[in-house]
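For reference, protein.cif is printed below; it contains mmCIF, C-alpha atoms.
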data_entry
loop_
_atom_site.label_atom_id
_atom_site.label_comp_id
_atom_site.auth_asym_id
_atom_site.auth_seq_id
_atom_site.Cartn_x
_atom_site.Cartn_y
_atom_site.Cartn_z
CA MET A 20 0.00 0.00 0.00
CA THR A 21 1.35 3.39 -0.99
CA PRO A 22 1.96 6.13 1.57
CA THR A 23 -0.97 8.07 0.12
CA LEU A 24 -3.33 5.15 0.56
CA LEU A 25 -1.99 4.55 4.06
CA ALA A 26 -2.62 8.19 4.92
CA LEU A 27 -6.16 8.02 3.53
CA ALA A 28 -6.85 4.82 5.43
CA GLY A 29 -5.56 6.40 8.63
CA THR A 30 -7.71 9.47 8.09
CA GLY A 31 -10.76 7.31 7.43
CA ALA A 32 -10.16 5.29 10.57
CA THR A 33 -9.79 8.46 12.59
CA LEU A 34 -13.04 9.85 11.20
CA LEU A 35 -14.83 6.58 11.98
CA VAL A 36 -13.57 6.66 15.55
CA LEU A 37 -14.73 10.28 15.90
CA ILE A 38 -18.18 9.45 14.51
CA LEU A 39 -18.55 6.47 16.84
CA LEU A 40 -17.40 8.58 19.76
CA GLN A 41 -19.91 11.32 18.94
CA GLN A 42 -22.70 8.76 18.65
CA SER A 43 -21.73 7.26 22.00
CA ILE A 44 -21.72 10.69 23.64
CA ALA A 45 -25.12 11.51 22.08
CA HIS A 46 -26.59 8.23 23.35
CA ARG A 47 -25.24 8.86 26.84
CA GLN A 48 -26.64 12.39 26.82
CA THR A 49 -30.04 11.10 25.70
CA ARG A 50 -30.06 8.44 28.42
CA GLN A 51 -29.01 11.00 31.03
CA ARG A 52 -31.72 13.42 29.87
CA GLN A 53 -34.35 10.70 30.14
CA GLN A 54 -33.10 9.70 33.58
CA ASP A 55 -33.23 13.34 34.68
CA LEU A 56 -36.81 13.66 33.45
CA GLN A 57 -37.80 10.42 35.15
CA GLN A 58 -36.33 11.81 38.35
CA ALA A 59 -38.32 15.02 37.85
CA LEU A 60 -41.50 12.99 37.48
CA VAL A 61 -40.76 10.89 40.57
CA HIS A 62 -40.08 14.08 42.56
CA SER A 63 -43.35 15.54 41.29
CA LEU A 64 -45.23 12.45 42.46
CA GLU A 65 -43.75 12.90 45.94
CA LEU A 66 -44.95 16.50 45.96
CA LEU A 67 -48.38 15.49 44.67
CA GLN A 68 -48.89 12.83 47.33
CA ARG A 69 -48.00 15.17 50.17
CA LEU A 70 -49.97 18.15 48.87
CA GLN A 71 -53.04 15.96 48.50
CA LYS A 72 -52.61 14.59 52.02
CA HIS A 73 -52.04 18.09 53.39
CA ARG A 74 -55.32 19.17 51.79
CA GLY A 75 -57.17 16.22 53.33
CA LEU A 76 -55.70 16.71 56.78
CA GLY A 77 -56.30 20.46 56.60
CA GLY A 78 -60.05 19.78 56.68
CA GLN A 79 -59.79 18.17 60.12
CA ASN A 80 -59.60 19.81 63.55
CA SER A 81 -57.98 17.07 65.62
CA ASN A 82 -54.54 17.43 67.22
CA ASP A 83 -53.39 14.34 65.33
CA ALA A 84 -54.37 15.88 61.98
CA ARG A 85 -52.62 19.14 62.84
CA ASN A 86 -49.46 17.26 63.84
CA GLN A 87 -49.53 15.30 60.58
CA CYS A 88 -49.99 18.56 58.66
CA ARG A 89 -46.90 20.02 60.31
CA ASN A 90 -44.87 16.91 59.50
CA LEU A 91 -46.03 16.99 55.89
CA ALA A 92 -45.12 20.66 55.67
CA LEU A 93 -41.57 19.84 56.74
CA GLU A 94 -41.39 17.06 54.14
CA LEU A 95 -42.68 19.39 51.43
CA ASP A 96 -40.13 22.06 52.38
CA GLY A 97 -37.41 19.44 52.04
CA LEU A 98 -38.69 18.35 48.64
CA TRP A 99 -38.64 21.93 47.34
CA ARG A 100 -35.10 22.38 48.64
CA SER A 101 -33.91 19.27 46.77
CA LEU A 102 -35.43 19.77 43.32
CA PRO A 103 -33.74 17.75 40.52
CA GLY A 104 -32.11 19.80 37.80
CA ALA A 105 -34.73 18.83 35.21
CA ALA A 106 -37.54 19.90 37.54
CA GLY A 107 -36.58 23.55 37.91
CA GLU A 108 -40.08 24.75 37.01
CA LEU A 109 -41.37 23.24 40.25
CA ALA A 110 -39.66 26.08 42.12
CA GLU A 111 -42.31 28.43 40.67
CA LEU A 112 -44.93 26.67 42.82
CA GLN A 113 -43.13 27.21 46.10
CA PRO A 114 -44.58 30.67 46.91
CA ALA A 115 -48.12 29.26 46.59
CA TRP A 116 -47.13 26.42 48.92
CA ARG A 117 -45.74 28.85 51.51
CA ALA A 118 -49.11 30.59 51.61
CA LEU A 119 -50.93 27.28 52.09
CA GLN A 120 -48.58 26.32 54.90
CA GLN A 121 -50.27 28.98 56.99
CA GLN A 122 -53.77 28.07 55.72
CA ALA A 123 -53.98 24.29 55.79
CA GLY A 124 -57.77 24.43 55.58
CA ASP A 125 -57.78 26.27 52.24
CA PHE A 126 -59.27 23.57 50.01
CA ASP A 127 -59.51 25.68 46.85
CA GLY A 128 -55.96 26.98 47.27
CA HIS A 129 -54.67 23.41 47.45
CA CYS A 130 -56.65 22.50 44.34
CA ARG A 131 -55.18 25.41 42.37
CA LEU A 132 -51.65 24.49 43.39
CA ILE A 133 -52.20 20.82 42.56
CA GLU A 134 -53.57 21.79 39.15
CA ARG A 135 -50.37 23.72 38.42
CA LEU A 136 -48.35 20.70 39.54
CA LEU A 137 -50.35 18.41 37.24
CA ILE A 138 -49.58 20.70 34.31
CA LEU A 139 -45.86 20.45 35.07
CA ILE A 140 -46.10 16.67 35.38
CA GLN A 141 -47.58 16.61 31.88
CA LEU A 142 -44.78 18.89 30.65
CA PHE A 143 -42.05 16.63 32.10
CA GLU A 144 -43.66 13.58 30.56
CA LEU A 145 -43.87 15.24 27.14
CA ARG A 146 -40.15 15.97 27.29
CA LEU A 147 -39.36 12.30 27.64
CA SER A 148 -38.37 10.75 24.34
CA GLY A 149 -37.89 7.24 23.04
CA PRO A 150 -40.07 4.14 22.74
CA LEU A 151 -39.59 3.16 26.38
CA HIS A 152 -41.32 6.33 27.54
CA SER A 153 -43.99 6.88 24.92
CA ASP A 154 -46.91 5.17 26.70
CA LEU A 155 -46.32 5.78 30.40
CA GLY A 156 -49.54 7.76 30.83
CA ILE A 157 -48.28 9.30 34.07
CA ALA A 158 -49.98 12.68 33.62
CA SER A 159 -53.38 11.24 32.71
CA SER A 160 -53.19 8.77 35.61
CA CYS A 161 -52.32 11.61 37.99
CA ARG A 162 -55.40 13.51 36.89
CA GLU A 163 -57.54 10.44 37.53
CA LEU A 164 -55.90 10.08 40.92
CA GLU A 165 -56.66 13.70 41.75
CA GLU A 166 -60.38 12.97 41.45
CA LEU A 167 -60.05 10.39 44.22
CA ALA A 168 -57.85 12.66 46.32
CA ARG A 169 -60.28 15.56 45.86
CA LEU A 170 -63.09 13.25 46.98
CA ARG A 171 -61.09 12.57 50.15
CA GLY A 172 -60.57 16.27 50.81
CA LEU A 173 -64.27 17.05 50.36
CA ALA A 174 -65.37 14.03 52.40
CA VAL A 175 -63.40 15.02 55.50
CA ARG A 176 -64.93 18.49 55.30
CA GLY A 177 -68.45 17.15 54.82
CA ALA A 178 -68.01 14.79 57.75
CA SER A 179 -67.10 17.71 60.02
CA ALA A 180 -70.73 18.89 59.97
CA GLU A 181 -73.78 17.32 61.58
CA ARG A 182 -75.20 16.90 58.10
CA CYS A 183 -73.12 17.05 54.94
CA PRO A 184 -73.74 20.53 53.45
CA LEU A 185 -75.64 20.48 50.18
CA PRO A 186 -72.82 22.04 48.06
CA LEU A 187 -70.47 19.33 49.29
CA GLN A 188 -73.10 16.66 48.66
CA VAL A 189 -73.34 17.78 45.04
CA GLN A 190 -69.57 17.64 44.54
CA LEU A 191 -69.26 14.30 46.34
CA ARG A 192 -72.01 12.76 44.21
CA TYR A 193 -70.39 14.07 41.04
CA LEU A 194 -66.96 12.69 41.92
CA SER A 195 -68.46 9.38 43.06
CA LEU A 196 -70.18 9.09 39.70
CA ARG A 197 -66.92 9.89 37.92
CA LEU A 198 -65.22 7.10 39.86
CA GLN A 199 -67.86 4.45 39.19
CA SER A 200 -66.17 3.00 36.12
CA ARG A 201 -62.98 2.45 38.10
CA ALA A 202 -64.96 1.11 41.05
CA SER A 203 -66.41 -1.60 38.79
CA ARG A 204 -62.85 -2.95 38.47
CA ASN A 205 -61.72 -2.24 42.03
CA THR A 206 -63.66 -3.84 44.87
CA ALA A 207 -61.99 -1.78 47.58
CA LEU A 208 -62.88 1.47 45.81
CA ALA A 209 -66.46 0.29 45.31
CA ARG A 210 -66.77 -0.44 49.04
CA ALA A 211 -65.30 2.95 49.94
CA LEU A 212 -67.73 4.81 47.67
CA ASP A 213 -70.63 2.83 49.10
CA SER A 214 -69.55 3.68 52.65
CA LEU A 215 -69.39 7.38 51.82
CA ARG A 216 -72.81 7.24 50.21
CA ARG A 217 -74.43 5.47 53.17
CA GLN A 218 -72.65 7.29 55.98
CA LEU A 219 -71.98 10.75 54.60
CA ILE A 220 -73.80 11.76 51.43
CA ASP A 221 -77.29 10.26 51.79
CA PRO A 222 -78.17 10.19 55.52
CA PRO A 223 -79.82 13.13 57.30
CA ARG A 224 -77.10 12.84 59.95
CA VAL A 225 -73.42 12.15 59.25
CA ALA A 226 -72.39 8.74 60.56
CA ILE A 227 -68.65 8.84 59.79
CA ALA A 228 -65.86 10.92 61.30
CA PRO A 229 -63.49 13.07 59.21
CA ALA A 230 -60.51 10.91 60.22
CA GLU A 231 -62.42 7.80 59.12
CA CYS A 232 -63.04 9.35 55.69
CA PHE A 233 -59.35 10.09 55.42
CA SER A 234 -58.36 6.56 56.46
CA LEU A 235 -60.95 5.03 54.13
CA LEU A 236 -59.54 6.59 50.98
CA THR A 237 -55.84 7.12 51.72
CA PRO A 238 -54.73 3.49 51.17
CA LEU A 239 -56.41 3.50 47.75
CA ILE A 240 -54.64 6.71 46.76
CA ASP A 241 -51.26 5.55 48.06
CA GLU A 242 -51.63 2.25 46.20
CA GLN A 243 -52.22 4.01 42.90
CA LEU A 244 -49.29 6.35 43.52
CA GLY A 245 -47.13 3.31 44.17
CA GLN A 246 -48.15 1.90 40.80
CA LEU A 247 -47.17 5.15 39.10
CA ARG A 248 -43.75 5.06 40.78
CA GLN A 249 -43.25 1.53 39.48
CA ARG A 250 -43.83 2.72 35.91
CA LEU A 251 -40.92 5.11 36.37
CA ALA A 252 -38.59 2.62 38.05
#

Show me the file's structure as structure tokens.
Amino acid sequence: MTPTLLALAGTGATLLVLILLQQSIAHRQTRQRQQDLQQALVHSLELLQRLQKHRGLGGQNSNDARNQCRNLALELDGLWRSLPGAAGELAELQPAWRALQQQAGDFDGHCRLIERLLILIQLFELRLSGPLHSDLGIASSCRELEELARLRGLAVRGASAERCPLPLQVQLRYLSLRLQSRASRNTALARALDSLRRQLIDPPRVAIAPAECFSLLTPLIDEQLGQLRQRLA
């Protein structure tokens, strides 16, 4: 082989190595970006779970509920201090959370903050790319979960009265109806909805305590959140 051909071969080999190296770097960057976004989604789920619980506990007047609210507030503060790099937009929600910290009973304020969080969850999911992440359905599942968590928050407030106030009855009936299709596939959810109907929504006198409403629905919510975490594992 002539020196010219040797030089060309060497140049070609060098170019091939550079191309392969660039491809490897691009693949690593893509994997890292996807891992960062997965971490952002997991962090968002942790925020969602605690904000929903804080809303439910904020509708109760017991010392135990107030203590749990304080503990959740500390956990939420820690989560906002440790935001993943890909979840920077979550910092924009922190001022609204600080206001709710002082007003744990503000149901509508919690709902507005959670709605903003759900929008960011959808944004993080949209940023994920690749076939492994195309059908996670995290954002849509979170919105379905919020219906159940909102039902919990309304139920504990309705159970605080001698008779469930009519505006709360209307909202509870609507959410219960929305959840019926899922209840047909989930026996525990069906039983919980039936208990709320019999003991809270329908009777002339409330027959269930706020803490019981919270305990009735919380395991169902936590179970579904656990399933969402598994999708991101």

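Atom CA of A:Pro222 lies 20.6 Å from atom CA of A:Gln79.
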
Quiz prompt | stretch 226-243 of chain A surroundings by all atoms listed in the file, 8 Å radius, close-in-sequence under 4 positions cut, as a list in words | solution =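 Using all atoms listed in the file, the neighbours found are Gln68, Gly75, Leu76, Gly78, Gln79, Leu164, Leu167, Ala168, Arg171, Gly172, Ala174, Val175, Arg176, Gly177, Ala178, Ser179, Ala207, Leu208, Ala211, Leu215, Gln218, Leu219, Pro222 and Leu247 of chain A.
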
Quiz item: In terms of the shortest atom-to-atom distance over all atoms listed in the file, which of A:Ala252, A:Glu134, A:Ala180, A:Arg216 is closest to A:Asn80?
Solution: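 The closest residue to A:Asn80 is A:Ala180.
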
Around stretch 98-111 of chain A, with edges along x, y and z and 8 Å added on all six sides, what centre and edge lengths do you get, in Å to one decimal, as JSON?
{"center_x": -37.2, "center_y": 23.1, "center_z": 41.9, "size_x": 26.2, "size_y": 26.7, "size_z": 29.4}

Quiz item: Nearest to A:Ile140 among A:Arg201, A:Arg100, A:Arg162, A:Arg117, with distances taken over all atoms listed in the file: which residue is it?
Solution: A:Arg162

Practice problem: State, in Å with one decimal place, the distance from atom CA of A:Arg248 to atom CA of A:Leu112. | Solution: 21.7 Å

Quiz item: Can you list what the PyMOL selection byres ((chain A and resi 157) around 8) grabs from this structure, as a ChimeraX atom specification?
Solution: /A:140-141,144,155-156,158-161,247

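You will find atom CA of A:Gln54 at 9.0 Å from atom CA of A:Leu147.
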
Self-check item: Spatial neighbours of A:Ile220, max dist 8 Å, only C-alpha atoms, sep filter under 4 positions, as a list in words
Solution: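 Here the answer would be Cys183, Gln188, Leu191, Arg192, Leu215, Arg216 and Val225 of chain A.
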
Quiz item: Which of these residues is nearest to A:Ser195, using all atoms listed in the file: A:Glu166, A:Pro223, A:Leu56, A:Gly104?
Solution: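 Distance minimum relative to A:Ser195 lands on A:Glu166.
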
Quiz prompt | Contact residues around stretch 87-93 of chain A with all atoms listed in the file at 7 Å, ignoring same-chain residues under 2 positions, as a PyMOL selection string | solution = chain A and resi 69+73+76-77+83-85+95-97+120

Produce a file of the selected residues containing C-alpha atoms, as a compact mmCIF listing (two decimals), in the frame of the given file.
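Below you can see out.txt, which holds the result:
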# COMPACT_ATOMS: atom_id res chain seq x y z
CA ARG A 69 -48.00 15.17 50.17
CA HIS A 73 -52.04 18.09 53.39
CA LEU A 76 -55.70 16.71 56.78
CA GLY A 77 -56.30 20.46 56.60
CA ASP A 83 -53.39 14.34 65.33
CA ALA A 84 -54.37 15.88 61.98
CA ARG A 85 -52.62 19.14 62.84
CA LEU A 95 -42.68 19.39 51.43
CA ASP A 96 -40.13 22.06 52.38
CA GLY A 97 -37.41 19.44 52.04
CA GLN A 120 -48.58 26.32 54.90

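Counting all atoms listed in the file, the residue from A:Leu142, A:Leu170, A:Gln71, A:Leu66 that sits nearest to A:Asp125 is A:Gln71.
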
Self-check item: Nearest residue to A:Arg74 from the set A:Leu60, A:Leu119, A:His129, A:Gln53 (distances using all atoms listed in the file)
Solution: A:His129

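Using the PyMOL selection byres ((chain A and resi 105) around 9) on this structure selects Arg52, Asp55, Leu56, Gln57, Gln58, Ala59, Leu102, Pro103, Gly104, Ala106, Gly107, Glu108 and Phe143 of chain A.
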
Same residues, C-alpha atoms, output as a compact mmCIF listing (two decimals), in the coordinates of the input:
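Writing the result to part-v2.txt gives the following:
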# COMPACT_ATOMS: atom_id res chain seq x y z
CA ARG A 52 -31.72 13.42 29.87
CA ASP A 55 -33.23 13.34 34.68
CA LEU A 56 -36.81 13.66 33.45
CA GLN A 57 -37.80 10.42 35.15
CA GLN A 58 -36.33 11.81 38.35
CA ALA A 59 -38.32 15.02 37.85
CA LEU A 102 -35.43 19.77 43.32
CA PRO A 103 -33.74 17.75 40.52
CA GLY A 104 -32.11 19.80 37.80
CA ALA A 106 -37.54 19.90 37.54
CA GLY A 107 -36.58 23.55 37.91
CA GLU A 108 -40.08 24.75 37.01
CA PHE A 143 -42.05 16.63 32.10

Exercise. Compare A:Leu67, A:Leu244, A:Leu136, A:Leu173 by their minimum atom-to-atom distance to A:Leu194, counting all atoms listed in the file, and give me the closest one.
Key: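 Closest to A:Leu194, using all atoms listed in the file: A:Leu173.
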
What does stretch 174-191 of chain A look like written to a file with N, CA, C and O atoms, as a compact mmCIF listing (two decimals), in the first residue's frame?
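Done, and the output landed in part_3.txt:
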# COMPACT_ATOMS: atom_id res chain seq x y z
N ALA A 174 -64.70 14.92 51.44
CA ALA A 174 -65.37 14.03 52.40
C ALA A 174 -65.04 14.40 53.83
O ALA A 174 -65.93 14.45 54.70
N VAL A 175 -63.76 14.69 54.12
CA VAL A 175 -63.40 15.02 55.50
C VAL A 175 -64.06 16.34 55.91
O VAL A 175 -64.41 16.52 57.09
N ARG A 176 -64.26 17.24 54.97
CA ARG A 176 -64.93 18.49 55.30
C ARG A 176 -66.43 18.28 55.49
O ARG A 176 -67.03 18.87 56.40
N GLY A 177 -67.03 17.45 54.64
CA GLY A 177 -68.45 17.15 54.82
C GLY A 177 -68.74 16.43 56.11
O GLY A 177 -69.77 16.66 56.75
N ALA A 178 -67.81 15.57 56.53
CA ALA A 178 -68.01 14.79 57.75
C ALA A 178 -67.81 15.63 59.01
O ALA A 178 -68.13 15.16 60.11
N SER A 179 -67.30 16.84 58.86
CA SER A 179 -67.10 17.71 60.02
C SER A 179 -68.41 18.36 60.48
O SER A 179 -68.46 18.94 61.57
N ALA A 180 -69.43 18.29 59.64
CA ALA A 180 -70.73 18.89 59.97
C ALA A 180 -71.70 17.82 60.47
O ALA A 180 -71.49 16.62 60.27
N GLU A 181 -72.76 18.27 61.11
CA GLU A 181 -73.78 17.32 61.58
C GLU A 181 -74.45 16.65 60.40
O GLU A 181 -74.74 15.45 60.42
N ARG A 182 -74.70 17.44 59.36
CA ARG A 182 -75.20 16.90 58.10
C ARG A 182 -74.34 17.46 56.98
O ARG A 182 -74.01 18.65 56.99
N CYS A 183 -73.98 16.61 56.04
CA CYS A 183 -73.12 17.05 54.94
C CYS A 183 -73.78 18.22 54.20
O CYS A 183 -74.90 18.08 53.70
N PRO A 184 -73.14 19.38 54.13
CA PRO A 184 -73.74 20.53 53.45
C PRO A 184 -74.08 20.20 51.99
O PRO A 184 -73.35 19.46 51.32
N LEU A 185 -75.15 20.79 51.52
CA LEU A 185 -75.64 20.48 50.18
C LEU A 185 -74.58 20.73 49.09
O LEU A 185 -74.42 19.89 48.19
N PRO A 186 -73.84 21.85 49.11
CA PRO A 186 -72.82 22.04 48.06
C PRO A 186 -71.78 20.92 48.05
O PRO A 186 -71.33 20.50 46.98
N LEU A 187 -71.42 20.44 49.23
CA LEU A 187 -70.47 19.33 49.29
C LEU A 187 -71.13 18.03 48.82
O LEU A 187 -70.48 17.21 48.16
N GLN A 188 -72.39 17.85 49.15
CA GLN A 188 -73.10 16.66 48.66
C GLN A 188 -73.05 16.60 47.13
O GLN A 188 -72.82 15.53 46.55
N VAL A 189 -73.32 17.73 46.51
CA VAL A 189 -73.34 17.78 45.04
C VAL A 189 -71.98 17.38 44.48
O VAL A 189 -71.88 16.57 43.55
N GLN A 190 -70.91 17.95 45.04
CA GLN A 190 -69.57 17.64 44.54
C GLN A 190 -69.19 16.19 44.82
O GLN A 190 -68.56 15.53 43.98
N LEU A 191 -69.58 15.69 45.99
CA LEU A 191 -69.26 14.30 46.34
C LEU A 191 -70.00 13.33 45.42
O LEU A 191 -69.44 12.31 45.00
